[in-house]
Every structure is written in structure tokens, then in C-alpha cells.
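Colleague: Data file structure02.cif (mmCIF, C-alpha atoms, pLDDT in the B column; chains and numbers go by the auth columns) is appended below.
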data_target
loop_
_atom_site.group_PDB
_atom_site.id
_atom_site.type_symbol
_atom_site.label_atom_id
_atom_site.label_comp_id
_atom_site.label_asym_id
_atom_site.label_seq_id
_atom_site.Cartn_x
_atom_site.Cartn_y
_atom_site.Cartn_z
_atom_site.B_iso_or_equiv
_atom_site.auth_seq_id
_atom_site.auth_asym_id
ATOM 1 C CA GLN A 1 118.566 104.798 82.655 57.00 1112 A
ATOM 2 C CA VAL A 2 118.481 105.978 86.272 62.00 1113 A
ATOM 3 C CA PRO A 3 116.624 103.415 88.294 81.00 1114 A
ATOM 4 C CA LEU A 4 113.713 104.512 90.397 94.00 1115 A
ATOM 5 C CA MET A 5 111.899 101.989 92.499 94.00 1116 A
ATOM 6 C CA GLU A 6 108.463 102.528 94.004 96.00 1117 A
ATOM 7 C CA SER A 7 107.015 100.646 96.943 96.00 1118 A
ATOM 8 C CA GLY A 8 104.028 100.837 99.255 97.00 1119 A
ATOM 9 C CA GLY A 9 101.183 100.057 96.911 97.00 1120 A
ATOM 10 C CA GLY A 10 98.313 97.819 97.932 98.00 1121 A
ATOM 11 C CA SER A 11 94.636 97.756 98.758 98.00 1122 A
ATOM 12 C CA VAL A 12 92.899 100.128 101.137 98.00 1123 A
ATOM 13 C CA GLN A 13 89.341 101.030 101.964 98.00 1124 A
ATOM 14 C CA ALA A 14 87.910 104.424 101.139 98.00 1125 A
ATOM 15 C CA GLY A 15 88.763 106.942 103.804 98.00 1126 A
ATOM 16 C CA GLY A 16 91.973 105.159 104.655 98.00 1127 A
ATOM 17 C CA SER A 17 95.590 106.154 104.224 98.00 1128 A
ATOM 18 C CA ARG A 18 98.579 104.833 102.365 98.00 1129 A
ATOM 19 C CA THR A 19 102.190 105.976 101.954 98.00 1130 A
ATOM 20 C CA LEU A 20 104.152 105.339 98.792 98.00 1131 A
ATOM 21 C CA SER A 21 107.933 105.518 98.587 97.00 1132 A
ATOM 22 C CA CYS A 22 110.305 105.888 95.685 97.00 1133 A
ATOM 23 C CA TYR A 23 114.011 105.267 96.019 95.00 1134 A
ATOM 24 C CA SER A 24 116.413 106.861 93.582 93.00 1135 A
ATOM 25 C CA ARG A 25 120.024 106.007 92.868 90.00 1136 A
ATOM 26 C CA TYR A 26 120.500 109.194 90.886 88.00 1137 A
ATOM 27 C CA SER A 27 123.775 110.818 91.860 86.00 1138 A
ATOM 28 C CA GLY A 28 123.415 114.185 90.149 88.00 1139 A
ATOM 29 C CA VAL A 29 121.559 117.342 91.062 90.00 1140 A
ATOM 30 C CA ILE A 30 117.807 116.866 91.071 91.00 1141 A
ATOM 31 C CA SER A 31 115.668 119.603 89.624 94.00 1142 A
ATOM 32 C CA CYS A 32 112.312 117.999 90.304 96.00 1143 A
ATOM 33 C CA MET A 33 110.654 114.795 91.433 96.00 1144 A
ATOM 34 C CA ALA A 34 107.041 113.876 90.890 97.00 1145 A
ATOM 35 C CA TRP A 35 104.287 111.344 91.339 98.00 1146 A
ATOM 36 C CA PHE A 36 101.985 110.416 88.488 98.00 1147 A
ATOM 37 C CA ARG A 37 99.155 107.920 88.330 98.00 1148 A
ATOM 38 C CA GLN A 38 97.340 106.063 85.609 97.00 1149 A
ATOM 39 C CA VAL A 39 93.974 104.409 85.623 89.00 1150 A
ATOM 40 C CA ALA A 40 93.458 101.635 83.086 84.00 1151 A
ATOM 41 C CA GLY A 41 92.214 103.068 79.826 89.00 1152 A
ATOM 42 C CA LYS A 42 92.984 106.671 80.747 91.00 1153 A
ATOM 43 C CA PRO A 43 96.001 108.921 80.197 93.00 1154 A
ATOM 44 C CA ARG A 44 98.604 109.177 82.913 95.00 1155 A
ATOM 45 C CA GLU A 45 98.095 112.235 85.098 95.00 1156 A
ATOM 46 C CA ALA A 46 100.331 114.160 87.432 96.00 1157 A
ATOM 47 C CA VAL A 47 99.508 113.959 91.120 97.00 1158 A
ATOM 48 C CA ALA A 48 102.191 116.114 92.693 98.00 1159 A
ATOM 49 C CA THR A 49 105.611 117.553 92.011 98.00 1160 A
ATOM 50 C CA ILE A 50 108.332 118.856 94.278 97.00 1161 A
ATOM 51 C CA THR A 51 111.313 120.979 93.312 96.00 1162 A
ATOM 52 C CA GLY A 52 114.875 120.468 94.394 93.00 1163 A
ATOM 53 C CA THR A 53 114.247 123.215 96.925 93.00 1164 A
ATOM 54 C CA ASP A 54 111.253 121.306 98.359 94.00 1165 A
ATOM 55 C CA VAL A 55 108.452 123.417 96.918 96.00 1166 A
ATOM 56 C CA PRO A 56 105.425 121.186 96.227 97.00 1167 A
ATOM 57 C CA THR A 57 102.605 121.506 93.725 98.00 1168 A
ATOM 58 C CA TYR A 58 99.471 119.361 93.803 98.00 1169 A
ATOM 59 C CA ALA A 59 96.760 118.438 91.356 97.00 1170 A
ATOM 60 C CA ASP A 60 93.384 119.809 92.414 97.00 1171 A
ATOM 61 C CA ALA A 61 92.019 116.273 92.834 96.00 1172 A
ATOM 62 C CA VAL A 62 94.468 115.470 95.637 97.00 1173 A
ATOM 63 C CA LYS A 63 95.088 118.853 97.220 97.00 1174 A
ATOM 64 C CA ASP A 64 94.678 118.803 101.021 97.00 1175 A
ATOM 65 C CA ARG A 65 94.691 114.983 101.020 98.00 1176 A
ATOM 66 C CA PHE A 66 98.122 114.049 99.650 98.00 1177 A
ATOM 67 C CA THR A 67 101.566 115.220 100.746 98.00 1178 A
ATOM 68 C CA ILE A 68 104.733 114.863 98.690 98.00 1179 A
ATOM 69 C CA LEU A 69 108.038 114.826 100.545 97.00 1180 A
ATOM 70 C CA VAL A 70 111.702 114.318 99.730 95.00 1181 A
ATOM 71 C CA GLY A 71 114.087 112.826 102.242 91.00 1182 A
ATOM 72 C CA ASP A 72 117.072 114.800 103.463 86.00 1183 A
ATOM 73 C CA ASP A 73 119.346 112.582 101.397 84.00 1184 A
ATOM 74 C CA LYS A 74 117.353 113.535 98.268 83.00 1185 A
ATOM 75 C CA ARG A 75 117.122 109.836 97.436 89.00 1186 A
ATOM 76 C CA THR A 76 113.709 108.968 98.835 94.00 1187 A
ATOM 77 C CA LEU A 77 110.477 110.460 97.595 97.00 1188 A
ATOM 78 C CA THR A 78 107.286 109.739 99.479 98.00 1189 A
ATOM 79 C CA LEU A 79 103.608 110.351 98.842 98.00 1190 A
ATOM 80 C CA GLN A 80 101.422 110.368 101.925 98.00 1191 A
ATOM 81 C CA MET A 81 97.842 109.739 100.885 98.00 1192 A
ATOM 82 C CA ASN A 82 94.975 110.387 103.274 98.00 1193 A
ATOM 83 C CA ASP A 83 91.193 110.182 102.924 98.00 1194 A
ATOM 84 C CA LEU A 84 91.587 107.928 99.905 98.00 1195 A
ATOM 85 C CA LYS A 85 88.744 107.638 97.437 97.00 1196 A
ATOM 86 C CA PRO A 86 87.933 104.932 94.875 96.00 1197 A
ATOM 87 C CA GLU A 87 88.874 107.377 92.121 95.00 1198 A
ATOM 88 C CA ASP A 88 92.422 107.416 93.532 97.00 1199 A
ATOM 89 C CA THR A 89 92.822 103.843 92.315 97.00 1200 A
ATOM 90 C CA GLY A 90 95.575 103.417 89.757 97.00 1201 A
ATOM 91 C CA VAL A 91 99.210 102.656 89.104 98.00 1202 A
ATOM 92 C CA TYR A 92 101.404 105.274 90.736 98.00 1203 A
ATOM 93 C CA TYR A 93 104.722 106.207 89.167 97.00 1204 A
ATOM 94 C CA CYS A 94 107.549 108.342 90.433 97.00 1205 A
ATOM 95 C CA ALA A 95 109.591 110.434 88.038 97.00 1206 A
ATOM 96 C CA LEU A 96 112.783 112.446 88.244 96.00 1207 A
ATOM 97 C CA ARG A 97 114.195 115.386 86.344 95.00 1208 A
ATOM 98 C CA GLY A 98 117.883 116.118 86.694 93.00 1209 A
ATOM 99 C CA GLY A 99 119.362 119.554 86.329 91.00 1210 A
ATOM 100 C CA PHE A 100 120.848 122.523 88.110 91.00 1211 A
ATOM 101 C CA ASN A 101 117.696 124.611 88.178 90.00 1212 A
ATOM 102 C CA THR A 102 116.525 123.238 91.506 91.00 1213 A
ATOM 103 C CA LYS A 103 113.647 125.712 91.696 92.00 1214 A
ATOM 104 C CA TYR A 104 111.955 124.352 88.580 94.00 1215 A
ATOM 105 C CA CYS A 105 109.383 121.619 88.028 96.00 1216 A
ATOM 106 C CA PRO A 106 107.509 121.100 84.788 96.00 1217 A
ATOM 107 C CA ALA A 107 103.851 122.079 84.796 94.00 1218 A
ATOM 108 C CA LEU A 108 101.597 119.284 86.036 94.00 1219 A
ATOM 109 C CA GLY A 109 100.513 118.226 82.558 87.00 1220 A
ATOM 110 C CA VAL A 110 104.050 117.835 81.205 94.00 1221 A
ATOM 111 C CA GLU A 111 105.721 114.412 81.143 94.00 1222 A
ATOM 112 C CA ASP A 112 108.459 114.613 78.539 95.00 1223 A
ATOM 113 C CA GLU A 113 110.791 116.747 80.657 95.00 1224 A
ATOM 114 C CA TYR A 114 111.419 113.928 83.116 96.00 1225 A
ATOM 115 C CA ASP A 115 114.592 111.888 82.714 93.00 1226 A
ATOM 116 C CA ALA A 116 113.626 108.730 84.552 93.00 1227 A
ATOM 117 C CA TRP A 117 110.548 106.811 85.610 94.00 1228 A
ATOM 118 C CA GLY A 118 109.845 103.993 87.992 95.00 1229 A
ATOM 119 C CA GLN A 119 107.968 100.823 87.100 94.00 1230 A
ATOM 120 C CA GLY A 120 104.868 101.800 89.047 96.00 1231 A
ATOM 121 C CA THR A 121 103.032 100.477 92.074 97.00 1232 A
ATOM 122 C CA GLN A 122 99.331 99.636 92.156 98.00 1233 A
ATOM 123 C CA VAL A 123 96.998 101.329 94.624 98.00 1234 A
ATOM 124 C CA THR A 124 93.447 100.038 94.860 98.00 1235 A
ATOM 125 C CA VAL A 125 90.847 101.874 96.916 98.00 1236 A
ATOM 126 C CA SER A 126 87.622 100.021 97.578 97.00 1237 A
ATOM 127 C CA ALA A 127 84.345 101.694 98.435 94.00 1238 A
#
Please re-express this file's structure in C-alpha cells.

Modeller:
Amino acid sequence: QVPLMESGGGSVQAGGSRTLSCYSRYSGVISCMAWFRQVAGKPREAVATITGTDVPTYADAVKDRFTILVGDDKRTLTLQMNDLKPEDTGVYYCALRGGFNTKYCPALGVEDEYDAWGQGTQVTVSA
């Protein structure tokens, strides 16, 4: 299992900002990296994906508020979250898909094409 480790979770007031990071020790070619989140009692949902060629896709709920970025070393994935809302509360997970098709990410609703997942980091947004 390729380890992914998230950091940056915590509590923030509505309207505030938070940046999450995910560090990967994956040594192969990365096809796609992504952020998901899960609220207690609800299915996990995709927040944003980014291809190996740095093309992002965002869920409608976070578009224009969140930014997904990959570091130049392709080892660090970040999620910059602005104008946070209470409904953004949840456990945030990063995920990685290896492969040589660096222009491909699974559609936002697909989870089973990812090869590795982090343990998650809690983000709590208070009203």
C-alpha cells in the first residue's frame, strides 16, 4: 500500500480559509490525484481531482472556492479552501491513481480506480 498522509485539518469559522496537504511517497508515474470528503452518515464524495498534467476538475459545491494543486516534485498535493461553509465540514481524504495516462482522472463519482488513500483529516467549519 502506497502511503499517503494528509495534514492541515482543524476548526475554522465560516468564511475562513484552510489549506490541506497530502504527502505521497509513491515513486511511479501518477495519473491522477484527488481530494474526497465524507460527512458522518453520508457517502464519501469527490471534491476535486487533478491529472498528472495538472488539469483540475472541481465538484460544483466547491467550484470557485477551492483550489487543488500538485507540487513540482509531484509528491505534495494541496487543497486551498476559501470562503468555507458549515456544509464543508467532514473528513477529507487524498487519493492517488498510478499509471502512464497522465491526462486521465476518473469521473468525480468514481472511487474504485484509485490505488491508494490517506487516513483522512478532519475539517470542522462552525457557523

Colleague: Set the distance at 8 Å and use only C-alpha atoms: which residues neighbour segment 1122-1126 of chain A once local chain neighbours fewer than 3 positions away are removed? I'd like the list as a PyMOL selection string.

Modeller: chain A and resi 1129+1193-1197+1234-1238

Colleague: To one decimal place in Å, what is the distance between atom CA of Gly1231 of chain A and atom CA of Gly1163 of chain A?

Modeller: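 Pair atom CA of Gly1231 of chain A / atom CA of Gly1163 of chain A returns 21.8 Å.
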
Colleague: Between A:Gln1149, A:Thr1178, A:Gln1191, A:Thr1164, which residue has the minimum interatomic distance to Leu1131 of chain A, considering only C-alpha atoms?

Modeller: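 Among the listed residues, the smallest separation from Leu1131 of chain A belongs to A:Gln1191.
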
Colleague: Hey, what's within 7 Å of Tyr1169 of chain A if we count all atoms listed in the file and toss same-chain stuff fewer than 5 positions away? As number ranges by chain, please?

Modeller: A: 1158-1160, 1174

Colleague: Would you mind listing, for every residue of segment 1129-1193 of chain A within 8 Å of segment 1202-1226 of chain A, the two atoms forming the shortest contact and the distance between them in Å to one decimal, using only C-alpha atoms, sorted by chain and ascending residue number, as a tab-separated table?

Modeller:
residue	atom	partner	partner_atom	distance
A:Cys1133	CA	A:Cys1205	CA	6.4
A:Gly1139	CA	A:Gly1209	CA	6.8
A:Val1140	CA	A:Gly1210	CA	5.7
A:Ile1141	CA	A:Gly1209	CA	4.4
A:Ser1142	CA	A:Thr1213	CA	4.2
A:Cys1143	CA	A:Arg1208	CA	5.1
A:Met1144	CA	A:Leu1207	CA	4.5
A:Ala1145	CA	A:Ala1206	CA	5.1
A:Trp1146	CA	A:Cys1205	CA	4.5
A:Phe1147	CA	A:Tyr1204	CA	5.1
A:Arg1148	CA	A:Tyr1203	CA	4.2
A:Gln1149	CA	A:Val1202	CA	5.2
A:Val1150	CA	A:Val1202	CA	6.5
A:Glu1156	CA	A:Gly1220	CA	6.9
A:Ala1157	CA	A:Leu1219	CA	5.5
A:Val1158	CA	A:Leu1219	CA	7.7
A:Ala1159	CA	A:Leu1219	CA	7.4
A:Thr1160	CA	A:Cys1216	CA	6.8
A:Ile1161	CA	A:Cys1216	CA	6.9
A:Thr1162	CA	A:Lys1214	CA	5.5
A:Gly1163	CA	A:Thr1213	CA	4.3
A:Thr1164	CA	A:Lys1214	CA	5.8
A:Val1166	CA	A:Lys1214	CA	7.7
A:Ala1170	CA	A:Leu1219	CA	7.2

Colleague: With all atoms listed in the file as the basis for distance, which of A:Thr1189, A:Gly1121, A:Ser1132, A:Thr1200 is at the shortest distance from Lys1153 of chain A?

Modeller: A:Thr1200

Colleague: In Å, how far is it from atom CA of Asp1165 of chain A to atom CA of Tyr1137 of chain A?

Modeller: 17.0 Å

Colleague: Counting only C-alpha atoms, give me one row per residue of segment 1177-1235 of chain A with an atom at most 7 Å from an atom of segment 1113-1117 of chain A, showing the shortest contact pair and its distance in Å to one decimal, sorted by chain then residue number, as CSV.

Modeller:
residue,atom,partner,partner_atom,distance
A:Cys1205,CA,A:Glu1117,CA,6.9
A:Ala1227,CA,A:Val1113,CA,5.8
A:Trp1228,CA,A:Leu1115,CA,6.2
A:Gly1229,CA,A:Leu1115,CA,4.6
A:Gln1230,CA,A:Met1116,CA,6.8
A:Gly1231,CA,A:Glu1117,CA,6.2
A:Thr1232,CA,A:Glu1117,CA,6.1

Colleague: Let me make sure I understand: among A:Gln1233, A:Ala1151, A:Thr1130, A:Gly1201, which one has the smallest atom-to-atom distance to Leu1180 of chain A if we use only C-alpha atoms?

Modeller: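 Selected residue with least distance to Leu1180 of chain A: A:Thr1130.
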
Colleague: For atom CA of Ser1138 of chain A and atom CA of Asp1183 of chain A, determine how far apart the two atoms are, in Å to one decimal place.

Modeller: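 So the answer is 14.0 Å.
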
Colleague: What would segment 1182-1208 of chain A look like if you wrote it out as a compact mmCIF listing (two decimals), in the first residue's frame, with N, CA and C atoms included, from the block I just posted?

Modeller:
# COMPACT_ATOMS: atom_id res chain seq x y z
N GLY A 1182 2.52 19.82 -6.13
CA GLY A 1182 3.84 20.40 -6.10
C GLY A 1182 4.68 19.96 -7.28
N ASP A 1183 5.73 20.72 -7.55
CA ASP A 1183 6.59 20.40 -8.69
C ASP A 1183 7.22 19.02 -8.57
N ASP A 1184 7.41 18.56 -7.34
CA ASP A 1184 8.00 17.24 -7.15
C ASP A 1184 6.98 16.13 -7.30
N LYS A 1185 5.72 16.50 -7.53
CA LYS A 1185 4.62 15.52 -7.69
C LYS A 1185 4.41 14.69 -6.44
N ARG A 1186 4.92 15.13 -5.32
CA ARG A 1186 4.76 14.38 -4.08
C ARG A 1186 3.78 15.04 -3.11
N THR A 1187 3.53 16.31 -3.30
CA THR A 1187 2.67 17.03 -2.37
C THR A 1187 1.43 17.55 -3.08
N LEU A 1188 0.30 17.16 -2.56
CA LEU A 1188 -0.99 17.61 -3.08
C LEU A 1188 -1.59 18.56 -2.05
N THR A 1189 -2.07 19.69 -2.49
CA THR A 1189 -2.69 20.62 -1.55
C THR A 1189 -4.12 20.93 -1.99
N LEU A 1190 -4.92 21.34 -1.02
CA LEU A 1190 -6.28 21.81 -1.28
C LEU A 1190 -6.44 23.13 -0.53
N GLN A 1191 -6.48 24.20 -1.26
CA GLN A 1191 -6.70 25.52 -0.68
C GLN A 1191 -8.20 25.76 -0.63
N MET A 1192 -8.70 25.99 0.57
CA MET A 1192 -10.14 26.13 0.76
C MET A 1192 -10.44 27.54 1.27
N ASN A 1193 -11.21 28.27 0.53
CA ASN A 1193 -11.60 29.63 0.90
C ASN A 1193 -13.10 29.72 1.07
N ASP A 1194 -13.53 30.77 1.79
CA ASP A 1194 -14.97 31.00 1.99
C ASP A 1194 -15.65 29.73 2.49
N LEU A 1195 -15.09 29.13 3.51
CA LEU A 1195 -15.61 27.85 3.99
C LEU A 1195 -17.01 28.00 4.57
N LYS A 1196 -17.79 26.95 4.41
CA LYS A 1196 -19.17 26.92 4.88
C LYS A 1196 -19.35 25.74 5.83
N PRO A 1197 -20.33 25.79 6.70
CA PRO A 1197 -20.54 24.65 7.62
C PRO A 1197 -20.73 23.33 6.87
N GLU A 1198 -21.31 23.38 5.69
CA GLU A 1198 -21.52 22.15 4.93
C GLU A 1198 -20.22 21.58 4.35
N ASP A 1199 -19.11 22.31 4.49
CA ASP A 1199 -17.81 21.79 4.09
C ASP A 1199 -17.20 20.91 5.17
N THR A 1200 -17.83 20.86 6.32
CA THR A 1200 -17.34 20.03 7.42
C THR A 1200 -17.30 18.57 7.02
N GLY A 1201 -16.21 17.89 7.39
CA GLY A 1201 -16.10 16.47 7.09
C GLY A 1201 -14.67 15.99 7.24
N VAL A 1202 -14.48 14.72 6.98
CA VAL A 1202 -13.14 14.15 6.93
C VAL A 1202 -12.68 14.19 5.48
N TYR A 1203 -11.55 14.79 5.27
CA TYR A 1203 -11.00 14.96 3.92
C TYR A 1203 -9.91 13.92 3.68
N TYR A 1204 -10.02 13.25 2.54
CA TYR A 1204 -9.08 12.20 2.17
C TYR A 1204 -8.39 12.56 0.86
N CYS A 1205 -7.11 12.25 0.76
CA CYS A 1205 -6.48 12.34 -0.55
C CYS A 1205 -6.37 10.93 -1.13
N ALA A 1206 -6.33 10.87 -2.43
CA ALA A 1206 -6.27 9.60 -3.14
C ALA A 1206 -5.35 9.74 -4.34
N LEU A 1207 -4.79 8.62 -4.76
CA LEU A 1207 -3.83 8.62 -5.85
C LEU A 1207 -4.13 7.46 -6.80
N ARG A 1208 -3.97 7.75 -8.07
CA ARG A 1208 -4.10 6.72 -9.11
C ARG A 1208 -2.81 6.69 -9.91
